[in-house]
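Coordinates from my_file36.cif are shown below (mmCIF, C-alpha atoms).
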```
data_input
#
loop_
_atom_site.label_atom_id
_atom_site.label_comp_id
_atom_site.auth_asym_id
_atom_site.auth_seq_id
_atom_site.Cartn_x
_atom_site.Cartn_y
_atom_site.Cartn_z
CA MET S 1 0.00 0.00 0.00
CA ALA S 2 2.70 2.42 1.04
CA ALA S 3 4.65 1.46 -2.04
CA ALA S 4 1.64 2.18 -4.25
CA VAL S 5 1.10 5.59 -2.66
CA GLY S 6 4.79 6.33 -3.09
CA ARG S 7 4.63 5.22 -6.72
CA ILE S 8 1.67 7.50 -7.42
CA CYS S 9 2.83 10.56 -5.56
CA GLY S 10 6.54 10.06 -5.95
CA ALA S 11 8.64 12.49 -4.00
CA ARG S 12 5.96 15.16 -4.31
CA LEU S 13 4.72 14.44 -0.80
CA LEU S 14 8.00 15.64 0.58
CA LYS S 15 8.45 18.63 -1.63
CA ASN S 16 7.96 22.09 -0.20
CA TYR S 17 6.02 24.31 -2.57
CA GLY S 18 6.04 27.35 -0.33
CA ILE S 19 2.85 29.12 0.63
CA VAL S 20 1.61 30.32 -2.72
CA GLY S 21 2.59 27.22 -4.68
CA PRO S 22 -0.69 25.28 -4.38
CA GLN S 23 -2.75 28.36 -5.13
CA VAL S 24 -0.76 29.13 -8.23
CA CYS S 25 -1.26 25.55 -9.33
CA GLN S 26 -5.00 25.95 -8.93
CA LEU S 27 -5.30 29.24 -10.67
CA SER S 28 -2.93 28.64 -13.52
CA THR S 29 -4.03 26.72 -16.57
CA SER S 30 -0.56 25.90 -17.68
CA THR S 31 0.31 23.27 -15.02
CA GLN S 32 0.53 19.70 -16.11
CA GLY S 33 -2.16 17.18 -15.10
CA TRP S 34 -1.36 13.60 -14.17
CA THR S 35 1.14 11.77 -16.28
CA ARG S 36 -0.03 8.89 -18.46
CA ASN S 37 1.60 6.27 -16.23
CA ARG S 38 -0.04 7.64 -13.15
CA LYS S 39 -3.48 7.61 -14.77
CA LEU S 40 -2.91 4.05 -15.92
CA LEU S 41 -1.86 2.88 -12.48
CA LEU S 42 -4.76 4.61 -10.72
CA SER S 43 -7.40 3.26 -13.09
CA THR S 44 -5.91 -0.24 -12.80
CA LEU S 45 -6.09 0.01 -9.04
CA GLY S 46 -9.70 1.19 -9.22
CA VAL S 47 -10.79 -1.55 -11.59
CA VAL S 48 -9.04 -4.30 -9.60
CA GLY S 49 -10.38 -3.02 -6.27
CA GLY S 50 -13.93 -2.68 -7.52
CA GLY S 51 -13.74 -6.06 -9.23
CA VAL S 52 -12.55 -7.85 -6.11
CA GLY S 53 -15.32 -6.19 -4.06
CA ALA S 54 -17.98 -7.18 -6.58
CA LEU S 55 -16.63 -10.74 -6.69
CA LEU S 56 -16.78 -11.06 -2.89
CA PHE S 57 -20.32 -9.70 -2.84
CA ALA S 58 -21.42 -12.07 -5.61
CA LEU S 59 -19.83 -15.06 -3.86
CA GLU S 60 -21.52 -14.22 -0.59
CA GLN S 61 -24.91 -13.79 -2.29
CA SER S 62 -24.56 -17.07 -4.16
CA VAL S 63 -23.76 -18.89 -0.91
CA GLN S 64 -26.92 -17.46 0.59
CA ALA S 65 -28.94 -18.62 -2.38
CA SER S 66 -27.42 -22.11 -2.48
CA GLY S 67 -28.83 -23.29 0.84
CA SER S 68 -32.05 -25.26 0.96
CA GLU S 69 -33.41 -23.54 4.06
CA ALA S 70 -36.08 -20.85 3.94
CA HIS S 71 -34.93 -17.32 4.73
CA PRO S 72 -36.66 -15.88 7.79
CA PRO S 73 -38.89 -12.89 6.98
CA HIS S 74 -38.10 -9.69 8.80
CA GLN S 75 -40.40 -8.89 11.72
CA PRO S 76 -41.16 -5.37 13.01
CA TRP S 77 -39.22 -5.63 16.29
CA SER S 78 -39.84 -2.82 18.72
CA HIS S 79 -36.06 -2.43 19.21
CA ASP S 80 -35.44 -1.98 15.48
CA GLY S 81 -34.23 1.50 14.72
CA TRP S 82 -31.48 3.88 15.64
CA PHE S 83 -33.01 5.15 18.86
CA LYS S 84 -35.33 2.30 19.86
CA SER S 85 -34.78 0.53 23.16
CA PHE S 86 -35.98 -2.92 24.11
CA ASP S 87 -39.60 -3.38 25.05
CA HIS S 88 -38.81 -4.42 28.61
CA ALA S 89 -42.27 -5.85 29.26
CA SER S 90 -41.65 -8.17 26.33
CA VAL S 91 -38.20 -9.11 27.65
CA ARG S 92 -39.80 -9.98 30.97
CA ARG S 93 -42.43 -12.14 29.31
CA GLY S 94 -39.66 -13.76 27.27
CA TYR S 95 -37.87 -14.62 30.50
CA GLU S 96 -41.04 -16.29 31.73
CA VAL S 97 -41.21 -18.31 28.51
CA TYR S 98 -37.56 -19.33 28.91
CA LYS S 99 -38.18 -20.34 32.49
CA GLN S 100 -41.27 -22.41 31.70
CA VAL S 101 -40.33 -23.90 28.34
CA CYS S 102 -36.76 -23.53 27.04
CA LYS S 103 -35.04 -24.12 30.36
CA ALA S 104 -35.92 -27.82 30.29
CA CYS S 105 -33.22 -28.42 27.66
CA HIS S 106 -31.29 -25.20 26.96
CA SER S 107 -28.75 -23.62 29.26
CA LEU S 108 -28.25 -19.87 29.59
CA GLN S 109 -24.93 -19.99 31.32
CA TYR S 110 -23.65 -16.46 30.72
CA ILE S 111 -26.67 -14.70 32.22
CA ALA S 112 -26.78 -14.17 35.96
CA PHE S 113 -29.80 -13.29 38.06
CA ARG S 114 -28.23 -9.95 38.87
CA ASN S 115 -28.46 -9.08 35.15
CA LEU S 116 -32.25 -9.09 35.48
CA VAL S 117 -32.24 -6.32 38.06
CA ASN S 118 -33.69 -3.10 36.65
CA VAL S 119 -34.10 -4.71 33.26
CA THR S 120 -36.98 -7.10 33.75
CA HIS S 121 -37.26 -7.38 37.52
CA SER S 122 -36.77 -5.24 40.57
CA GLU S 123 -34.05 -6.33 42.96
CA GLU S 124 -36.52 -8.04 45.28
CA GLN S 125 -38.18 -9.90 42.44
CA ALA S 126 -34.84 -10.99 41.00
CA LYS S 127 -33.81 -12.30 44.42
CA ALA S 128 -37.04 -14.28 44.57
CA GLU S 129 -36.39 -15.66 41.08
CA ALA S 130 -32.88 -16.70 42.13
CA ALA S 131 -34.13 -18.32 45.32
CA GLU S 132 -36.41 -20.59 43.27
CA VAL S 133 -33.51 -22.56 41.80
CA MET S 134 -31.00 -24.77 43.58
CA ILE S 135 -27.34 -24.07 42.91
CA LYS S 136 -24.58 -26.58 43.47
CA ASP S 137 -21.95 -25.06 45.72
CA GLY S 138 -18.99 -26.19 47.73
CA PRO S 139 -16.83 -27.60 49.01
CA ASP S 140 -17.82 -26.83 52.59
CA GLU S 141 -15.63 -27.33 55.66
CA GLU S 142 -15.89 -31.10 55.36
CA GLY S 143 -15.13 -31.07 51.63
CA ASN S 144 -18.63 -31.92 50.48
CA TYR S 145 -20.59 -30.29 47.70
CA PHE S 146 -24.04 -29.15 48.63
CA GLU S 147 -27.07 -27.48 47.12
CA ARG S 148 -28.35 -24.13 48.24
CA PRO S 149 -30.99 -21.68 46.98
CA GLY S 150 -29.65 -19.29 44.35
CA LYS S 151 -28.44 -15.76 45.03
CA LEU S 152 -28.36 -12.71 42.77
CA SER S 153 -24.72 -13.37 41.88
CA ASP S 154 -25.43 -16.88 40.58
CA TYR S 155 -25.58 -17.66 36.88
CA PHE S 156 -28.55 -19.50 35.49
CA PRO S 157 -28.17 -23.21 36.25
CA SER S 158 -27.80 -25.48 33.25
CA PRO S 159 -30.24 -28.37 32.79
CA TYR S 160 -27.39 -30.83 32.08
CA PRO S 161 -24.01 -31.10 33.77
CA ASN S 162 -22.10 -31.29 30.47
CA GLU S 163 -22.49 -31.65 26.71
CA ASN S 164 -22.33 -35.44 26.72
CA ALA S 165 -25.16 -35.65 29.22
CA ALA S 166 -27.18 -33.23 27.10
CA ARG S 167 -26.59 -35.31 23.96
CA ALA S 168 -27.45 -38.54 25.74
CA ALA S 169 -30.73 -37.10 26.94
CA ASN S 170 -31.69 -35.61 23.58
CA ASN S 171 -31.22 -38.38 21.07
CA GLY S 172 -27.66 -37.33 20.24
CA ALA S 173 -28.50 -33.71 19.50
CA TYR S 174 -26.97 -30.95 21.62
CA PRO S 175 -29.37 -28.16 22.64
CA PRO S 176 -27.11 -25.08 22.21
CA ASP S 177 -26.57 -22.58 24.97
CA LEU S 178 -28.91 -19.66 24.39
CA SER S 179 -26.85 -16.84 25.91
CA LEU S 180 -25.50 -15.62 22.57
CA ILE S 181 -27.77 -17.45 20.19
CA CYS S 182 -29.31 -14.32 18.66
CA SER S 183 -25.92 -12.99 17.64
CA GLY S 184 -24.68 -16.44 16.72
CA ARG S 185 -27.33 -17.33 14.15
CA LYS S 186 -27.79 -15.68 10.79
CA GLY S 187 -30.99 -13.68 10.93
CA GLY S 188 -30.90 -13.17 14.70
CA GLU S 189 -34.29 -12.79 16.31
CA ASP S 190 -36.03 -13.10 12.95
CA TYR S 191 -34.51 -16.56 12.65
CA ILE S 192 -35.50 -17.53 16.21
CA PHE S 193 -39.07 -16.37 15.63
CA ALA S 194 -39.34 -18.10 12.25
CA LEU S 195 -37.83 -21.30 13.63
CA LEU S 196 -40.12 -21.45 16.66
CA THR S 197 -43.28 -20.83 14.64
CA GLY S 198 -42.20 -22.58 11.44
CA TYR S 199 -42.68 -26.27 12.26
CA MET S 200 -44.64 -28.19 9.62
CA GLU S 201 -45.21 -31.60 8.10
CA ALA S 202 -42.21 -32.82 6.14
CA PRO S 203 -42.84 -32.49 2.40
CA ALA S 204 -42.78 -35.63 0.25
CA GLY S 205 -39.27 -36.94 -0.33
CA ILE S 206 -37.78 -35.68 2.91
CA VAL S 207 -36.70 -38.55 5.12
CA LEU S 208 -36.58 -37.80 8.83
CA ARG S 209 -34.90 -40.07 11.30
CA GLU S 210 -36.57 -40.98 14.53
CA GLY S 211 -36.98 -38.06 16.88
CA GLN S 212 -36.44 -35.49 14.13
CA ASN S 213 -38.88 -32.86 13.01
CA TYR S 214 -39.17 -30.83 9.88
CA ASN S 215 -38.55 -27.10 9.96
CA PRO S 216 -37.91 -25.22 6.71
CA TYR S 217 -35.92 -22.48 8.48
CA PHE S 218 -33.41 -24.91 9.98
CA PRO S 219 -30.40 -25.61 7.74
CA GLY S 220 -31.03 -29.06 6.31
CA GLY S 221 -34.65 -29.05 7.40
CA ALA S 222 -34.36 -31.88 9.94
CA ILE S 223 -34.25 -30.52 13.46
CA SER S 224 -34.08 -32.59 16.61
CA MET S 225 -36.00 -30.09 18.68
CA ALA S 226 -39.73 -30.70 18.56
CA GLN S 227 -42.24 -27.87 18.31
CA VAL S 228 -42.59 -26.51 21.83
CA LEU S 229 -44.50 -23.27 21.47
CA PHE S 230 -48.22 -23.82 21.16
CA ASP S 231 -51.01 -21.52 22.27
CA GLU S 232 -51.01 -21.48 26.07
CA ALA S 233 -47.69 -23.37 26.22
CA ALA S 234 -46.55 -20.92 28.90
CA GLU S 235 -48.29 -18.61 31.31
CA TYR S 236 -47.76 -14.87 31.49
CA SER S 237 -47.89 -13.11 34.84
CA ASP S 238 -49.08 -9.85 33.27
CA GLY S 239 -52.14 -11.42 31.64
CA THR S 240 -51.05 -11.14 28.01
CA PRO S 241 -52.79 -13.80 25.89
CA ALA S 242 -50.16 -16.51 25.43
CA THR S 243 -50.56 -17.33 21.75
CA ALA S 244 -47.78 -19.27 20.06
CA SER S 245 -46.59 -16.25 18.07
CA GLN S 246 -46.69 -14.03 21.16
CA LEU S 247 -44.54 -16.56 23.03
CA ALA S 248 -42.10 -16.76 20.13
CA LYS S 249 -41.90 -12.98 19.79
CA ASP S 250 -41.28 -12.48 23.50
CA VAL S 251 -38.67 -15.21 23.81
CA ALA S 252 -36.89 -13.91 20.69
CA THR S 253 -36.80 -10.43 22.23
CA PHE S 254 -35.52 -11.93 25.48
CA LEU S 255 -32.78 -13.81 23.65
CA ARG S 256 -31.77 -10.65 21.80
CA TRP S 257 -31.45 -9.01 25.20
CA CYS S 258 -29.31 -11.94 26.40
CA SER S 259 -27.02 -11.54 23.41
CA GLU S 260 -26.90 -7.75 23.56
CA PRO S 261 -27.74 -6.52 27.04
CA GLU S 262 -26.01 -3.26 26.16
CA LEU S 263 -28.41 -2.45 23.31
CA ASP S 264 -30.30 0.24 25.25
CA ASP S 265 -27.05 1.94 26.21
CA ARG S 266 -25.91 1.81 22.62
CA ARG S 267 -29.11 3.47 21.41
CA LEU S 268 -28.66 6.21 24.00
CA MET S 269 -25.05 6.56 22.91
CA THR S 270 -26.23 6.99 19.31
CA ILE S 271 -28.28 10.00 20.35
CA LYS S 272 -25.34 11.44 22.27
CA ALA S 273 -22.88 10.80 19.45
CA ILE S 274 -25.11 12.47 16.88
CA GLY S 275 -25.54 15.49 19.15
CA MET S 276 -21.85 15.76 19.92
CA PHE S 277 -20.62 15.23 16.38
CA SER S 278 -23.10 17.70 14.89
CA MET S 279 -21.74 20.34 17.27
CA LEU S 280 -18.19 19.43 16.29
CA ALA S 281 -19.18 19.52 12.62
CA ALA S 282 -20.53 23.04 13.07
CA VAL S 283 -17.27 24.11 14.71
CA THR S 284 -15.23 22.47 11.95
CA TYR S 285 -17.32 24.14 9.25
CA TYR S 286 -16.92 27.54 10.86
CA PHE S 287 -13.20 27.04 11.29
CA LYS S 288 -12.77 25.98 7.67
CA ARG S 289 -14.59 29.08 6.45
CA HIS S 290 -12.56 31.16 8.84
CA LYS S 291 -9.23 29.82 7.59
CA TRP S 292 -10.15 29.88 3.92
CA ALA S 293 -11.72 33.32 3.94
CA SER S 294 -8.45 35.07 3.20
CA ILE S 295 -7.38 32.52 0.59
CA LYS S 296 -10.69 32.53 -1.25
CA SER S 297 -10.94 36.28 -1.40
CA ARG S 298 -7.35 36.75 -2.51
CA LYS S 299 -6.64 37.99 -5.98
CA LEU S 300 -3.35 37.19 -7.69
CA ALA S 301 -2.13 39.63 -10.24
CA TYR S 302 0.75 38.92 -12.57
CA LYS S 303 2.80 41.87 -13.50
CA PRO S 304 3.97 41.60 -17.09
CA VAL S 305 7.68 41.90 -17.55
CA SER S 306 8.47 44.88 -19.59
CA LYS S 307 10.24 44.03 -22.85
CA LYS S 308 11.74 47.37 -23.22
CA MET Q 1 -19.36 47.58 25.05
CA SER Q 2 -20.72 44.41 23.65
CA MET Q 3 -21.09 41.29 25.71
CA TRP Q 4 -18.46 39.50 23.68
CA ALA Q 5 -15.85 42.14 24.39
CA THR Q 6 -16.67 42.12 28.09
CA LEU Q 7 -16.34 38.37 28.16
CA ASN Q 8 -13.10 38.54 26.26
CA ARG Q 9 -11.60 41.08 28.60
CA ASN Q 10 -12.74 39.60 31.89
CA VAL Q 11 -12.50 35.90 31.23
CA PHE Q 12 -10.53 34.86 28.19
CA LYS Q 13 -7.60 37.18 28.47
CA ARG Q 14 -6.11 35.78 31.64
CA THR Q 15 -5.06 32.14 31.63
CA SER Q 16 -6.31 31.44 35.15
CA THR Q 17 -9.84 32.67 34.46
CA PHE Q 18 -9.82 31.09 31.02
CA ALA Q 19 -8.91 27.68 32.47
CA LEU Q 20 -11.57 28.10 35.13
CA ALA Q 21 -14.12 29.01 32.46
CA ILE Q 22 -13.23 25.89 30.49
CA ALA Q 23 -13.50 23.63 33.56
CA SER Q 24 -16.83 25.00 34.76
CA GLY Q 25 -18.16 25.21 31.20
CA THR Q 26 -17.35 21.54 30.69
CA PHE Q 27 -19.07 20.64 33.93
CA PHE Q 28 -22.31 22.39 33.09
CA PHE Q 29 -22.25 21.46 29.42
CA GLU Q 30 -21.82 17.77 30.19
CA ARG Q 31 -24.67 17.70 32.69
CA THR Q 32 -27.03 19.57 30.39
CA PHE Q 33 -26.07 17.47 27.39
CA ASP Q 34 -26.63 14.21 29.27
CA LEU Q 35 -29.92 15.47 30.63
CA VAL Q 36 -31.17 16.48 27.20
CA SER Q 37 -30.14 13.23 25.49
CA ASN Q 38 -31.56 11.08 28.31
CA THR Q 39 -34.84 12.96 28.14
CA LEU Q 40 -34.92 12.50 24.39
CA PHE Q 41 -34.20 8.77 24.72
CA GLU Q 42 -36.88 8.32 27.36
CA ARG Q 43 -39.42 10.26 25.33
CA ILE Q 44 -38.77 8.20 22.20
CA ASN Q 45 -39.06 4.94 24.15
CA LYS Q 46 -41.85 5.92 26.50
CA GLY Q 47 -43.67 2.89 27.89
CA LYS Q 48 -40.93 0.43 26.93
CA LEU Q 49 -38.27 1.12 29.53
CA TRP Q 50 -38.08 -0.58 32.91
CA ASN Q 51 -38.70 2.69 34.75
CA ASP Q 52 -41.99 3.08 32.90
CA ILE Q 53 -43.28 -0.41 33.61
CA LYS Q 54 -41.83 -1.34 37.00
CA ASP Q 55 -44.98 -0.27 38.85
CA LYS Q 56 -47.03 -2.86 37.00
CA TYR Q 57 -45.41 -5.82 38.72
CA GLU Q 58 -45.80 -4.99 42.39
#
```
Encoded form (structure tokens):
Amino acid sequence: MAAAVGRICGARLLKNYGIVGPQVCQLSTSTQGWTRNRKLLLSTLGVVGGGVGALLFALEQSVQASGSEAHPPHQPWSHDGWFKSFDHASVRRGYEVYKQVCKACHSLQYIAFRNLVNVTHSEEQAKAEAAEVMIKDGPDEEGNYFERPGKLSDYFPSPYPNENAARAANNGAYPPDLSLICSGRKGGEDYIFALLTGYMEAPAGIVLREGQNYNPYFPGGAISMAQVLFDEAAEYSDGTPATASQLAKDVATFLRWCSEPELDDRRLMTIKAIGMFSMLAAVTYYFKRHKWASIKSRKLAYKPVSKK
Amino acid sequence: MSMWATLNRNVFKRTSTFALAIASGTFFFERTFDLVSNTLFERINKGKLWNDIKDKYE
């Protein structure tokens, strides 16, 4: 890169033109433009760069199109948009869905009960939630491990002690940890929503092994997780009708929060950054005008040499 | 005498007062700026934030 820049600019970068040099260059019509070699090199660079970019884009698009899975349609999430925060009532309902449905198989090992405080629960409520689960702790004075009710500082307990146990209990399939699933799957919460509501009968010609289900949004179509979200599959404490799509929407929002708990802060930071940078832009604009005022209003006069 | 000239003479001319003006100006600017952007954020997302809904669960 540095070599290319050096080749294009040559030693001109280092050359001192004096103060009026650049202005004279601008005003005079007699200065030379780029040399032929320089033009050739620049246009080659442009064509190669653009071509490589287009090739990468085309390759990526063709990979997307080559899969057999259906692409999840985009849903109007309430946290979509530059300044939009999470709908915290929805996140709270999503937590209830996780607790009643997903938790049976999926761990959420990077979320602690303290993370719920002032997001979906008050401190008291979060303590009560934590106290509902038993956490393995130890060793105590006699070297034994024991179980105790959870505290705010505890992470969510996993349903299986390790991956092998999870596979053994689930027909060989490993239920992934959900902490970062929204960031880890293409399509994010759209994918989660489409997957949870997209179960259907396998079309003719698709062979499913025992314990597998058909879901067009899952890569390959055969998914080991059965449909779990039906109407009234979970109960909401705030009285929202628990339809299957409502459950899926809430749990997808909750999982987006698990993946990006800082989203609200980021949206606030967007507002602050726009405010701050627009002020700085105004200052920069003023300063540019200020500095250029004398240059722009300057008139250069050439005094003809007398041929006397 | 215009306000700008007064300000220039009394505050900006001496380094000590100028530095003080910068420090206190930063303090007040930062607080106001944060207040304004927080208010804006809360107004845009009214009804969605935890502070708006926490009373519903008691």
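Selection by the PyMOL selection byres ((chain Q and resi 38) around 12) on the present file picks out Phe83, Asp264, Asp265, Arg267, Leu268, Met269, Thr270, Ile271, Lys272 and Gly275 of chain S; Glu30, Arg31, Thr32, Phe33, Asp34, Leu35, Val36, Ser37, Thr39, Leu40, Phe41, Glu42, Arg43, Ile44, Asn45 and Lys46 of chain Q.
Neighbouring residues of S:Ser78 at 12 Å or closer, counting all atoms listed in the file and skipping chain neighbours under 4 positions away, are S:Trp82, S:Phe83, S:Lys84, S:Ser85, S:Phe86, S:Asp87, S:His88, S:Ala89, S:Ser90, S:Val91, S:Glu189, S:Lys249, S:Asp250, S:Ala252, S:Thr253, S:Arg256, S:Asp264, Q:Ile44, Q:Asn45, Q:Lys46, Q:Gly47, Q:Lys48, Q:Leu49.
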>> Neighbouring residues of S:Glu69 were defined as those with any atom within 9 Å, considering all atoms listed in the file; residues of the same chain fewer than 4 positions away were excluded. Please report them as a ChimeraX atom specification.
In response: /S:215-221
>> What's around S:Phe146 at 8 Å? Count all atoms listed in the file, leave out sequence neighbours fewer than 6 positions away in its own chain, and write the answer as JSON, numbers by chain.
In response: {"S": [136, 137, 138, 139, 140]}
Padding 3 Å on every side, please: axis-aligned box over the listed atoms of stretch 222-241 of chain S, centre and edge lengths to one decimal in Å, as lines of an AutoDock Vina configuration file.
```
center_x = -43.4
center_y = -21.2
center_z = 22.4
size_x = 24.7
size_y = 28.7
size_z = 30.9
```
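Residues within 8 Å of stretch 222-230 of chain S, counting only C-alpha atoms and excluding same-chain residues fewer than 4 positions away, are Val101, Asn170, Asn171, Ala173, Pro175, Leu196, Thr197, Tyr199, Leu208, Gly211, Gln212, Asn213, Tyr214, Asn215, Phe218, Thr243, Ala244, Leu247 and Ala248 of chain S.
Each of S:Ser259, S:Ser245, S:Asn118, S:Thr240 was checked against S:Gly198 using all atoms listed in the file; the smallest atom-to-atom distance is that of S:Ser245.
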> So how many Å separate atom CA of S:His79 and atom CA of S:Arg266, to one decimal?
Replying inline: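 Straight-line distance from atom CA of S:His79 to atom CA of S:Arg266 works out to 11.5 Å.
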